[in-house]
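Below: coords-v2.txt (compact mmCIF, C-alpha atoms)
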```txt
# COMPACT_ATOMS: atom_id res chain seq x y z
CA MET O 1 306.30 42.05 93.35
CA ALA O 2 305.54 38.34 93.62
CA THR O 3 308.43 35.97 94.15
CA PRO O 4 308.59 33.15 91.61
CA THR O 5 307.92 29.78 93.21
CA ASP O 6 309.42 26.42 92.45
CA PRO O 7 306.91 24.47 90.28
CA ARG O 8 307.36 21.51 92.65
CA GLU O 9 305.91 23.62 95.48
CA ARG O 10 302.63 23.98 93.57
CA ARG O 11 302.08 20.23 93.21
CA PRO O 12 299.29 18.88 95.42
CA ARG O 13 300.50 16.80 98.32
CA THR O 14 300.06 13.06 97.73
CA VAL O 15 297.35 11.52 99.91
CA PHE O 16 298.59 7.99 100.45
CA ARG O 17 296.34 4.96 100.90
CA ARG O 18 296.60 1.35 101.99
CA LEU O 19 297.38 -0.69 98.89
CA ASP O 20 298.63 -4.28 98.54
CA GLY O 21 300.06 -5.92 95.44
CA ILE O 22 303.05 -6.31 93.15
CA LEU O 23 303.95 -4.12 90.17
CA LEU O 24 306.30 -5.43 87.50
CA LEU O 25 307.99 -2.18 86.51
CA ASP O 26 310.12 -1.75 83.40
CA LYS O 27 312.67 0.57 84.97
CA PRO O 28 313.91 3.28 82.60
CA GLN O 29 317.57 4.14 82.13
CA GLY O 30 318.85 7.04 84.21
CA LEU O 31 316.86 6.42 87.39
CA SER O 32 318.10 4.59 90.46
CA SER O 33 315.88 1.78 91.71
CA ASN O 34 314.85 3.89 94.69
CA GLN O 35 313.96 6.86 92.47
CA ALA O 36 311.82 4.57 90.30
CA LEU O 37 310.19 3.11 93.42
CA GLN O 38 309.27 6.54 94.76
CA ARG O 39 307.83 7.58 91.38
CA VAL O 40 305.45 4.63 91.25
CA ARG O 41 304.64 4.80 94.97
CA HIS O 42 303.40 8.37 94.53
CA LEU O 43 301.67 7.46 91.28
CA PHE O 44 299.69 4.67 93.01
CA ARG O 45 299.46 6.66 96.28
CA ALA O 46 300.72 3.59 98.14
CA GLU O 47 301.48 4.08 101.84
CA LYS O 48 304.26 1.51 101.84
CA GLY O 49 306.52 0.22 99.10
CA GLY O 50 309.80 -1.54 98.44
CA HIS O 51 311.67 -3.06 95.50
CA THR O 52 313.18 -6.53 95.26
CA GLY O 53 316.75 -5.99 94.14
CA SER O 54 318.51 -2.88 92.86
CA LEU O 55 319.19 -2.10 89.23
CA ASP O 56 321.95 0.37 88.39
CA PRO O 57 320.84 3.71 86.86
CA LEU O 58 322.36 2.52 83.54
CA ALA O 59 320.19 -0.61 83.56
CA THR O 60 316.63 -1.06 82.32
CA GLY O 61 314.12 -3.85 82.71
CA LEU O 62 312.25 -5.76 85.35
CA LEU O 63 312.10 -4.23 88.82
CA PRO O 64 309.41 -5.92 90.93
CA VAL O 65 307.88 -3.36 93.29
CA CYS O 66 305.97 -4.54 96.35
CA PHE O 67 303.23 -2.43 97.89
CA GLY O 68 301.76 -2.79 101.37
CA GLU O 69 301.71 -6.32 102.76
CA ALA O 70 303.64 -7.56 99.72
CA THR O 71 306.76 -5.96 101.24
CA LYS O 72 306.74 -8.88 103.70
CA ILE O 73 307.79 -11.26 100.93
CA ALA O 74 310.22 -8.84 99.24
CA GLY O 75 313.22 -10.24 101.14
CA GLY O 76 312.57 -13.71 99.73
CA LEU O 77 312.37 -12.36 96.19
CA LEU O 78 315.77 -10.67 96.60
CA GLY O 79 317.43 -14.08 96.47
CA ALA O 80 315.60 -15.20 93.34
CA ARG O 81 317.24 -16.34 90.11
CA LYS O 82 317.48 -13.56 87.52
CA ALA O 83 318.24 -13.19 83.80
CA TYR O 84 319.89 -10.31 81.93
CA GLU O 85 320.97 -9.29 78.47
CA THR O 86 324.08 -7.13 78.44
CA VAL O 87 326.46 -5.54 75.97
CA ALA O 88 330.15 -5.68 76.87
CA ARG O 89 332.47 -3.05 75.44
CA LEU O 90 335.95 -4.55 75.12
CA GLY O 91 339.22 -2.63 75.44
CA ILE O 92 338.31 -0.13 78.19
CA THR O 93 337.98 -0.63 81.94
CA THR O 94 336.20 1.92 84.14
CA ASP O 95 336.07 2.61 87.87
CA THR O 96 332.41 1.55 88.04
CA ASP O 97 332.76 -1.36 85.57
CA ASP O 98 330.12 0.24 83.37
CA ALA O 99 329.77 3.09 80.87
CA GLU O 100 328.84 5.62 83.56
CA GLY O 101 332.28 5.47 85.18
CA GLN O 102 335.62 7.11 84.45
CA ALA O 103 337.96 5.24 82.12
CA LEU O 104 340.88 3.71 83.99
CA ARG O 105 342.78 1.92 81.23
CA GLU O 106 342.52 1.40 77.49
CA ARG O 107 344.09 -1.57 75.73
CA PRO O 108 344.02 -2.91 72.19
CA VAL O 109 341.54 -5.70 71.57
CA PRO O 110 343.30 -8.82 70.26
CA VAL O 111 342.01 -10.90 67.38
CA LEU O 112 339.36 -13.09 68.98
CA THR O 113 337.51 -16.16 67.81
CA ILE O 114 334.12 -17.45 68.89
CA ASP O 115 335.86 -20.47 70.43
CA ALA O 116 338.13 -18.22 72.53
CA ILE O 117 335.18 -16.14 73.73
CA ASP O 118 333.13 -19.24 74.58
CA ALA O 119 336.07 -20.71 76.52
CA ALA O 120 336.35 -17.54 78.62
CA LEU O 121 332.60 -17.54 79.25
CA ARG O 122 332.73 -21.15 80.48
CA ARG O 123 335.36 -20.18 83.07
CA LEU O 124 332.88 -17.69 84.52
CA THR O 125 329.95 -20.15 84.69
CA GLY O 126 328.90 -22.28 87.68
CA ARG O 127 329.97 -21.66 91.29
CA ILE O 128 332.65 -19.00 90.99
CA ARG O 129 334.49 -16.48 93.15
CA GLN O 130 333.61 -12.89 92.30
CA ARG O 131 334.77 -9.50 93.57
CA PRO O 132 331.84 -7.05 93.64
CA PRO O 133 332.34 -3.58 92.11
CA ILE O 134 333.67 -0.84 94.37
CA TYR O 135 330.74 1.32 93.27
CA SER O 136 327.96 -0.89 94.63
CA ALA O 137 325.16 -0.81 97.19
CA LEU O 138 326.93 -3.31 99.42
CA LYS O 139 327.30 -1.86 102.90
CA ARG O 140 330.32 -1.65 105.16
CA GLY O 141 329.91 -0.08 108.58
CA GLY O 142 326.30 0.69 107.70
CA GLU O 143 327.27 2.78 104.65
CA PRO O 144 327.09 1.81 100.96
CA LEU O 145 330.45 1.23 99.29
CA TYR O 146 329.60 3.72 96.54
CA ALA O 147 329.42 6.53 99.13
CA LYS O 148 332.91 5.68 100.37
CA ALA O 149 334.23 5.41 96.80
CA ARG O 150 332.82 8.83 95.88
CA ARG O 151 334.75 10.35 98.78
CA GLY O 152 337.94 8.85 97.37
CA GLU O 153 338.42 6.32 100.17
CA THR O 154 340.55 3.27 99.41
CA ILE O 155 338.28 0.22 99.52
CA ALA O 156 339.29 -3.42 99.50
CA VAL O 157 336.34 -5.56 98.43
CA GLU O 158 336.58 -9.24 99.30
CA GLU O 159 335.68 -11.95 96.82
CA ARG O 160 332.61 -14.05 97.48
CA GLU O 161 331.05 -17.15 95.98
CA VAL O 162 328.16 -16.68 93.56
CA GLU O 163 326.19 -18.90 91.20
CA VAL O 164 326.20 -18.20 87.45
CA HIS O 165 323.76 -20.59 85.78
CA ALA O 166 324.43 -19.38 82.23
CA PHE O 167 326.83 -16.94 80.58
CA ASP O 168 326.40 -17.18 76.82
CA LEU O 169 327.40 -15.25 73.73
CA LEU O 170 324.40 -13.98 71.78
CA SER O 171 326.27 -11.96 69.14
CA ALA O 172 329.78 -10.83 68.28
CA ALA O 173 328.83 -9.40 64.89
CA ASP O 174 330.18 -5.89 65.57
CA LEU O 175 333.53 -7.19 66.76
CA LEU O 176 334.00 -9.80 64.02
CA ASP O 177 332.97 -7.38 61.27
CA GLY O 178 335.66 -4.91 62.28
CA GLY O 179 333.27 -2.48 63.94
CA GLU O 180 332.89 -1.56 67.59
CA PRO O 181 334.42 -4.19 69.92
CA LEU O 182 331.07 -5.21 71.41
CA LEU O 183 329.77 -8.55 72.66
CA ARG O 184 326.08 -9.15 73.32
CA LEU O 185 325.69 -11.62 76.18
CA ASN O 186 323.02 -13.53 78.09
CA VAL O 187 323.36 -14.03 81.85
CA GLU O 188 321.33 -16.15 84.24
CA CYS O 189 322.50 -15.95 87.83
CA GLY O 190 321.63 -16.27 91.49
CA SER O 191 321.48 -13.76 94.30
CA GLY O 192 324.42 -11.44 94.85
CA THR O 193 325.92 -11.83 91.36
CA TYR O 194 327.07 -8.61 89.66
CA VAL O 195 326.87 -8.59 85.86
CA ARG O 196 329.36 -5.69 85.88
CA SER O 197 331.88 -7.92 87.64
CA LEU O 198 331.26 -10.77 85.18
CA VAL O 199 331.91 -8.47 82.23
CA ARG O 200 334.99 -6.96 83.90
CA ASP O 201 336.42 -10.44 84.55
CA LEU O 202 335.57 -11.59 81.02
CA GLY O 203 337.56 -8.67 79.66
CA GLU O 204 340.58 -9.69 81.73
CA LEU O 205 340.35 -13.29 80.52
CA LEU O 206 340.31 -11.98 76.93
CA GLY O 207 343.38 -9.83 77.66
CA CYS O 208 341.91 -6.41 76.94
CA GLY O 209 339.55 -5.42 79.75
CA ALA O 210 335.85 -4.61 79.36
CA HIS O 211 332.92 -2.77 80.88
CA VAL O 212 329.11 -2.93 80.65
CA ALA O 213 327.79 -0.66 77.92
CA GLU O 214 324.14 -1.76 78.19
CA LEU O 215 322.22 -3.88 80.69
CA ARG O 216 318.63 -5.07 80.74
CA ARG O 217 317.01 -7.40 83.27
CA LEU O 218 314.69 -9.81 81.49
CA TRP O 219 313.08 -11.72 84.35
CA VAL O 220 313.22 -12.51 88.04
CA ASP O 221 311.80 -15.69 89.55
CA PRO O 222 308.91 -16.39 89.81
CA PHE O 223 308.12 -13.84 87.06
CA ARG O 224 309.68 -15.70 84.11
CA ASP O 225 307.41 -14.17 81.43
CA PRO O 226 306.66 -10.76 82.90
CA ARG O 227 304.13 -8.25 81.63
CA MET O 228 306.07 -5.11 82.50
CA TRP O 229 304.73 -1.57 82.80
CA THR O 230 306.69 1.55 81.90
CA LEU O 231 306.50 4.73 83.95
CA ASP O 232 305.14 6.62 80.95
CA GLY O 233 302.49 3.99 80.36
CA LEU O 234 301.39 4.04 83.99
CA GLU O 235 301.22 7.83 84.06
CA GLN O 236 299.05 7.85 80.94
CA LEU O 237 296.73 5.25 82.44
CA ARG O 238 296.37 7.31 85.59
CA GLU O 239 295.62 10.47 83.62
CA HIS O 240 293.25 9.05 81.02
CA ALA O 241 291.69 5.96 82.61
CA GLY O 242 291.78 6.67 86.34
CA GLU O 243 293.02 5.02 89.49
CA ARG O 244 290.84 1.88 89.30
CA VAL O 245 292.34 0.95 85.94
CA LEU O 246 295.81 1.77 87.26
CA ASP O 247 295.26 -0.59 90.21
CA ALA O 248 294.40 -3.37 87.75
CA CYS O 249 298.08 -3.35 86.69
CA LEU O 250 299.04 -4.87 90.04
CA LEU O 251 299.53 -8.58 90.57
CA PRO O 252 298.09 -10.18 93.70
CA ILE O 253 300.52 -11.02 96.49
CA GLU O 254 300.01 -14.73 95.77
CA ALA O 255 301.77 -14.27 92.41
CA GLY O 256 304.97 -13.46 94.27
CA MET O 257 304.68 -16.47 96.58
CA ALA O 258 305.07 -19.10 93.86
CA SER O 259 308.76 -19.72 94.65
CA TRP O 260 307.98 -21.03 98.14
CA PRO O 261 306.58 -24.52 98.78
CA GLU O 262 302.87 -24.23 99.51
CA VAL O 263 301.06 -25.21 102.71
CA ARG O 264 297.27 -24.86 102.97
CA VAL O 265 295.45 -24.47 106.27
CA ASN O 266 291.81 -24.39 107.32
CA ALA O 267 290.10 -21.55 109.17
CA VAL O 268 290.81 -22.89 112.66
CA GLN O 269 294.48 -23.46 111.83
CA ALA O 270 294.73 -19.99 110.29
CA GLN O 271 293.29 -18.51 113.47
CA ARG O 272 295.95 -20.28 115.57
CA LEU O 273 298.73 -19.08 113.28
CA GLY O 274 297.32 -15.56 113.42
CA ARG O 275 297.70 -15.63 117.20
CA GLY O 276 301.36 -16.56 116.78
CA GLN O 277 300.84 -20.24 117.65
CA GLY O 278 302.39 -23.11 115.74
CA LEU O 279 300.75 -26.21 114.26
CA ARG O 280 301.98 -29.73 114.90
CA GLY O 281 301.57 -31.18 111.43
CA PRO O 282 303.45 -33.01 110.01
CA TYR O 283 303.83 -30.56 107.13
CA PRO O 284 306.22 -30.94 104.18
CA PRO O 285 308.87 -29.92 103.35
CA ARG O 286 310.74 -30.05 106.64
CA GLY O 287 313.35 -27.41 107.40
CA ARG O 288 312.03 -25.00 104.76
CA GLN O 289 310.27 -21.67 104.65
CA VAL O 290 306.84 -22.03 103.08
CA ALA O 291 303.95 -19.97 101.70
CA ILE O 292 300.85 -20.34 103.86
CA LEU O 293 297.51 -20.17 102.03
CA ASP O 294 293.95 -20.72 103.16
CA GLU O 295 291.65 -23.32 101.63
CA GLN O 296 290.56 -20.86 98.94
CA GLY O 297 294.15 -20.13 97.90
CA ARG O 298 294.45 -16.70 99.51
CA GLY O 299 297.91 -15.96 100.84
CA LEU O 300 298.17 -15.63 104.60
CA GLY O 301 301.92 -15.10 104.84
CA LEU O 302 305.17 -16.98 105.25
CA GLY O 303 305.89 -19.77 107.72
CA GLU O 304 308.60 -22.27 108.51
CA VAL O 305 308.41 -26.05 108.86
CA ASP O 306 310.76 -27.39 111.50
CA ALA O 307 312.65 -30.69 111.55
CA GLU O 308 309.67 -32.47 113.17
CA GLY O 309 307.21 -31.17 110.55
CA GLY O 310 305.64 -28.51 112.78
CA LEU O 311 304.54 -25.25 111.15
CA ARG O 312 305.19 -21.88 112.78
CA PRO O 313 304.33 -18.41 111.47
CA VAL O 314 307.20 -16.16 110.34
CA ARG O 315 305.59 -13.16 108.62
CA LEU O 316 301.83 -13.13 108.28
CA PHE O 317 299.73 -10.61 106.38
CA ARG O 318 297.47 -8.35 108.41
CA TRP O 319 294.31 -10.19 107.34
CA ALA O 320 295.50 -13.66 108.38
CA ALA O 321 294.10 -13.69 111.92
CA VAL O 322 290.96 -11.74 111.03
CA ALA O 323 290.14 -14.00 108.07
CA GLY O 324 290.79 -17.13 110.09
CA ALA O 325 288.60 -15.96 112.94
CA ALA O 326 285.76 -14.92 110.61
CA GLU O 327 285.81 -18.21 108.71
CA ALA O 328 285.99 -20.20 111.94
CA ARG O 329 282.90 -18.37 113.24
CA ALA O 330 281.06 -18.94 109.96
CA ASP O 331 281.81 -22.68 110.06
CA ALA O 332 280.84 -23.10 113.74
CA PRO O 333 277.65 -25.13 114.44
CA ARG O 334 274.62 -23.01 115.26
CA CYS O 335 271.71 -23.67 117.60
CA PRO O 336 268.42 -24.43 115.86
```

Structure encoded using structure tokens:
Amino acid sequence: MATPTDPRERRPRTVFRRLDGILLLDKPQGLSSNQALQRVRHLFRAEKGGHTGSLDPLATGLLPVCFGEATKIAGGLLGARKAYETVARLGITTDTDDAEGQALRERPVPVLTIDAIDAALRRLTGRIRQRPPIYSALKRGGEPLYAKARRGETIAVEEREVEVHAFDLLSAADLLDGGEPLLRLNVECGSGTYVRSLVRDLGELLGCGAHVAELRRLWVDPFRDPRMWTLDGLEQLREHAGERVLDACLLPIEAGMASWPEVRVNAVQAQRLGRGQGLRGPYPPRGRQVAILDEQGRGLGLGEVDAEGGLRPVRLFRWAAVAGAAEARADAPRCP
């Protein structure tokens, strides 16, 4: 008698390929960022992939995914400015500071006015000190804090300084109409800021506690007006239109380099950089990391301009040296 097999065992093994580009994924609720990354990496059959900043399983919205050589700029995108829309549920605090956690304390919600809410929001705007959630991907001793928290370990998380560019009330209709004590909020913030912590601290300023009920990331610099793709949409494209059409959903690496100052180099200079050699310059801006492009606007990688204006390579794409050498040979004078 045949033994039933796990359906997953019958799936064909993914044959990965070299693929470079950036996918603006609309992450669905219920998946971790890494789970979403692995889904699209297998869907595109990309050998190498990484995402540029985690979203909680509760959260939806923009998750830039870098394939291939684009992973070399992913670290720079991690520190980019981001925007969110969130719904705060007043009156209940949880151990994760969002709706997926266990309730810790419930308190009555006082009578609140728009002016009182706005005043509390202003106190959480600008350069502020923030304590990250215990359940977070921050690492201590090489292990994420959430792993320690799940084991019941006592964790003291230190405050750190973050930048909140905007924290605004979009709607308090439910609360003011006597319905659910919900606030819909807009957040624009810099790297390392936790929206869950902002909502938790807002609840304390309002005297009743709060947690994140909904969270959606709207944009990440330099993708201010993103055309996002859902997992379902990508899977349908793959099934009905094929891999070439699926690949057309990717942005070129250059689209992710727009946040860095730009430096253009000719073929001979590109060849020198590709060999790991620096260029004297002077190149602006001094003391900054820059995007290096060739004369046609193709990205070659990231570099750094020193205090004297010299340019040195930091992380170049695999084609930088080859392209530079080929162009230099093509431009070389030939014997008649």

Close residues, Gln269 of chain O itself excluded, 12 Å, all atoms listed in the file, min 2 positions apart in chain, as a ChimeraX atom specification: /O:263-267,271-281,292-295,300,311-313,320-321,323-325,327-328

Go through O:Ile253, O:Val111, O:Val157, O:Val199 and flag the residue nearest Leu176 of chain O, using all atoms listed in the file for the distances.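 Nearest candidate to Leu176 of chain O out of O:Ile253, O:Val111, O:Val157, O:Val199: O:Val111.
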
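Going from atom CA of Cys66 of chain O to atom CA of Tyr194 of chain O covers 22.5 Å.
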
Within 12 Å of (341.2, -7.1, 81.0) (file coordinates; all atoms listed in the file), which protein or nucleic acid residues are there? I'd like them as a VMD selection string. chain O and resid 88 to 94 97 104 to 110 120 197 to 211

Name all residues at most 8 Å from Ser54 of chain O (count all atoms listed in the file; drop same-chain ones fewer than 6 positions away) and give them as a VMD selection string. chain O and resid 32 to 34 63

For Arg17 of chain O, the nearest of the candidates O:Ala173, O:Ala46, O:Val268, O:Val65, counting all atoms listed in the file: O:Ala46

Residue among O:Pro285, O:Thr86, O:Leu185, O:Val40 lying closest to Leu121 of chain O, counting all atoms listed in the file: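 The closest residue to Leu121 of chain O is O:Leu185.
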
O:Arg123, O:Arg318, O:Arg184, O:Arg18: which is nearest Gly299 of chain O, counting only C-alpha atoms?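 Result for the nearest residue to Gly299 of chain O: O:Arg318.
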
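Shell of Glu304 of chain O at 9 Å, with only C-alpha atoms counted and residues fewer than 2 places along the chain excluded, is Arg286, Gly287, Arg288, Gln289, Val290, Ala291, Leu302, Asp306, Gly310, Leu311, Arg312, Pro313 and Val314 of chain O.
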
Grab the atom CA of Leu78 of chain O to atom CA of His51 of chain O distance for me, in Å with one decimal place.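 These atoms are spaced 8.7 Å apart.
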
At most 7 Å from (299.0, 6.0, 90.5), file frame, only C-alpha atoms: which residues, as JSON, numbers by chain? {"O": [40, 42, 43, 44, 45, 238, 243, 246]}

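The coordinates place atom CA of Leu124 of chain O at 10.2 Å from atom CA of Val162 of chain O.
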
With distances taken over all atoms listed in the file, which residue among O:His165, O:Arg196, O:Arg315, O:Arg160 lies nearest Gly126 of chain O?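 Ranked by minimum distance to Gly126 of chain O, first place goes to O:His165.
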
Export N, CA, C and O atoms of segment 266-289 of chain O from the structure just given, as a compact mmCIF listing (two decimals), in the first residue's frame?
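Saved file result-v9.txt follows:
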```
# COMPACT_ATOMS: atom_id res chain seq x y z
N ASN O 266 34.24 58.02 -16.82
CA ASN O 266 34.40 57.50 -18.17
C ASN O 266 34.92 56.07 -18.12
O ASN O 266 35.14 55.51 -17.03
N ALA O 267 35.14 55.47 -19.28
CA ALA O 267 35.50 54.06 -19.35
C ALA O 267 36.85 53.78 -18.68
O ALA O 267 37.00 52.77 -17.98
N VAL O 268 37.82 54.66 -18.89
CA VAL O 268 39.14 54.45 -18.29
C VAL O 268 39.05 54.54 -16.77
O VAL O 268 39.63 53.73 -16.03
N GLN O 269 38.31 55.53 -16.28
CA GLN O 269 38.13 55.67 -14.84
C GLN O 269 37.38 54.48 -14.26
O GLN O 269 37.70 53.99 -13.17
N ALA O 270 36.36 54.00 -14.97
CA ALA O 270 35.61 52.83 -14.50
C ALA O 270 36.51 51.61 -14.40
O ALA O 270 36.40 50.81 -13.46
N GLN O 271 37.43 51.49 -15.37
CA GLN O 271 38.35 50.36 -15.35
C GLN O 271 39.27 50.43 -14.12
O GLN O 271 39.52 49.41 -13.47
N ARG O 272 39.73 51.61 -13.79
CA ARG O 272 40.58 51.77 -12.60
C ARG O 272 39.81 51.43 -11.33
O ARG O 272 40.30 50.72 -10.45
N LEU O 273 38.57 51.93 -11.23
CA LEU O 273 37.75 51.62 -10.06
C LEU O 273 37.50 50.12 -9.96
O LEU O 273 37.53 49.54 -8.88
N GLY O 274 37.27 49.49 -11.11
CA GLY O 274 37.01 48.06 -11.13
C GLY O 274 38.18 47.23 -10.66
O GLY O 274 38.01 46.10 -10.19
N ARG O 275 39.38 47.79 -10.75
CA ARG O 275 40.57 47.11 -10.24
C ARG O 275 40.84 47.45 -8.78
O ARG O 275 41.87 47.07 -8.23
N GLY O 276 39.90 48.20 -8.18
CA GLY O 276 40.06 48.56 -6.77
C GLY O 276 40.88 49.81 -6.54
O GLY O 276 41.22 50.13 -5.39
N GLN O 277 41.22 50.55 -7.60
CA GLN O 277 42.02 51.75 -7.49
C GLN O 277 41.14 52.98 -7.35
O GLN O 277 40.04 53.04 -7.90
N GLY O 278 41.63 53.98 -6.63
CA GLY O 278 40.89 55.21 -6.47
C GLY O 278 41.20 56.22 -7.56
O GLY O 278 42.13 56.05 -8.35
N LEU O 279 40.40 57.28 -7.61
CA LEU O 279 40.58 58.38 -8.56
C LEU O 279 40.82 59.68 -7.79
O LEU O 279 40.17 59.91 -6.76
N ARG O 280 41.72 60.50 -8.31
CA ARG O 280 42.10 61.70 -7.56
C ARG O 280 41.01 62.77 -7.52
O ARG O 280 40.84 63.45 -6.55
N GLY O 281 40.33 62.99 -8.58
CA GLY O 281 39.27 64.00 -8.57
C GLY O 281 39.78 65.41 -8.83
O GLY O 281 40.71 65.58 -9.58
N PRO O 282 39.20 66.48 -8.21
CA PRO O 282 38.26 66.38 -7.07
C PRO O 282 36.82 66.06 -7.50
O PRO O 282 36.37 66.53 -8.52
N TYR O 283 36.16 65.26 -6.67
CA TYR O 283 34.76 64.91 -6.88
C TYR O 283 33.93 65.45 -5.73
O TYR O 283 34.33 65.35 -4.57
N PRO O 284 32.76 66.01 -6.04
CA PRO O 284 31.83 66.39 -4.96
C PRO O 284 30.85 65.26 -4.73
O PRO O 284 30.63 64.44 -5.65
N PRO O 285 30.18 65.20 -3.58
CA PRO O 285 30.45 65.99 -2.37
C PRO O 285 31.48 65.26 -1.50
O PRO O 285 31.48 64.04 -1.40
N ARG O 286 32.34 66.00 -0.87
CA ARG O 286 33.41 65.41 -0.08
C ARG O 286 32.87 64.80 1.21
O ARG O 286 31.94 65.32 1.81
N GLY O 287 33.48 63.68 1.60
CA GLY O 287 33.08 63.01 2.83
C GLY O 287 31.76 62.29 2.74
O GLY O 287 31.14 62.01 3.77
N ARG O 288 31.31 61.94 1.54
CA ARG O 288 30.01 61.29 1.37
C ARG O 288 30.14 60.02 0.55
O ARG O 288 31.03 59.87 -0.28
N GLN O 289 29.23 59.09 0.79
CA GLN O 289 29.10 57.94 -0.08
C GLN O 289 28.31 58.36 -1.31
O GLN O 289 27.36 59.15 -1.21
```
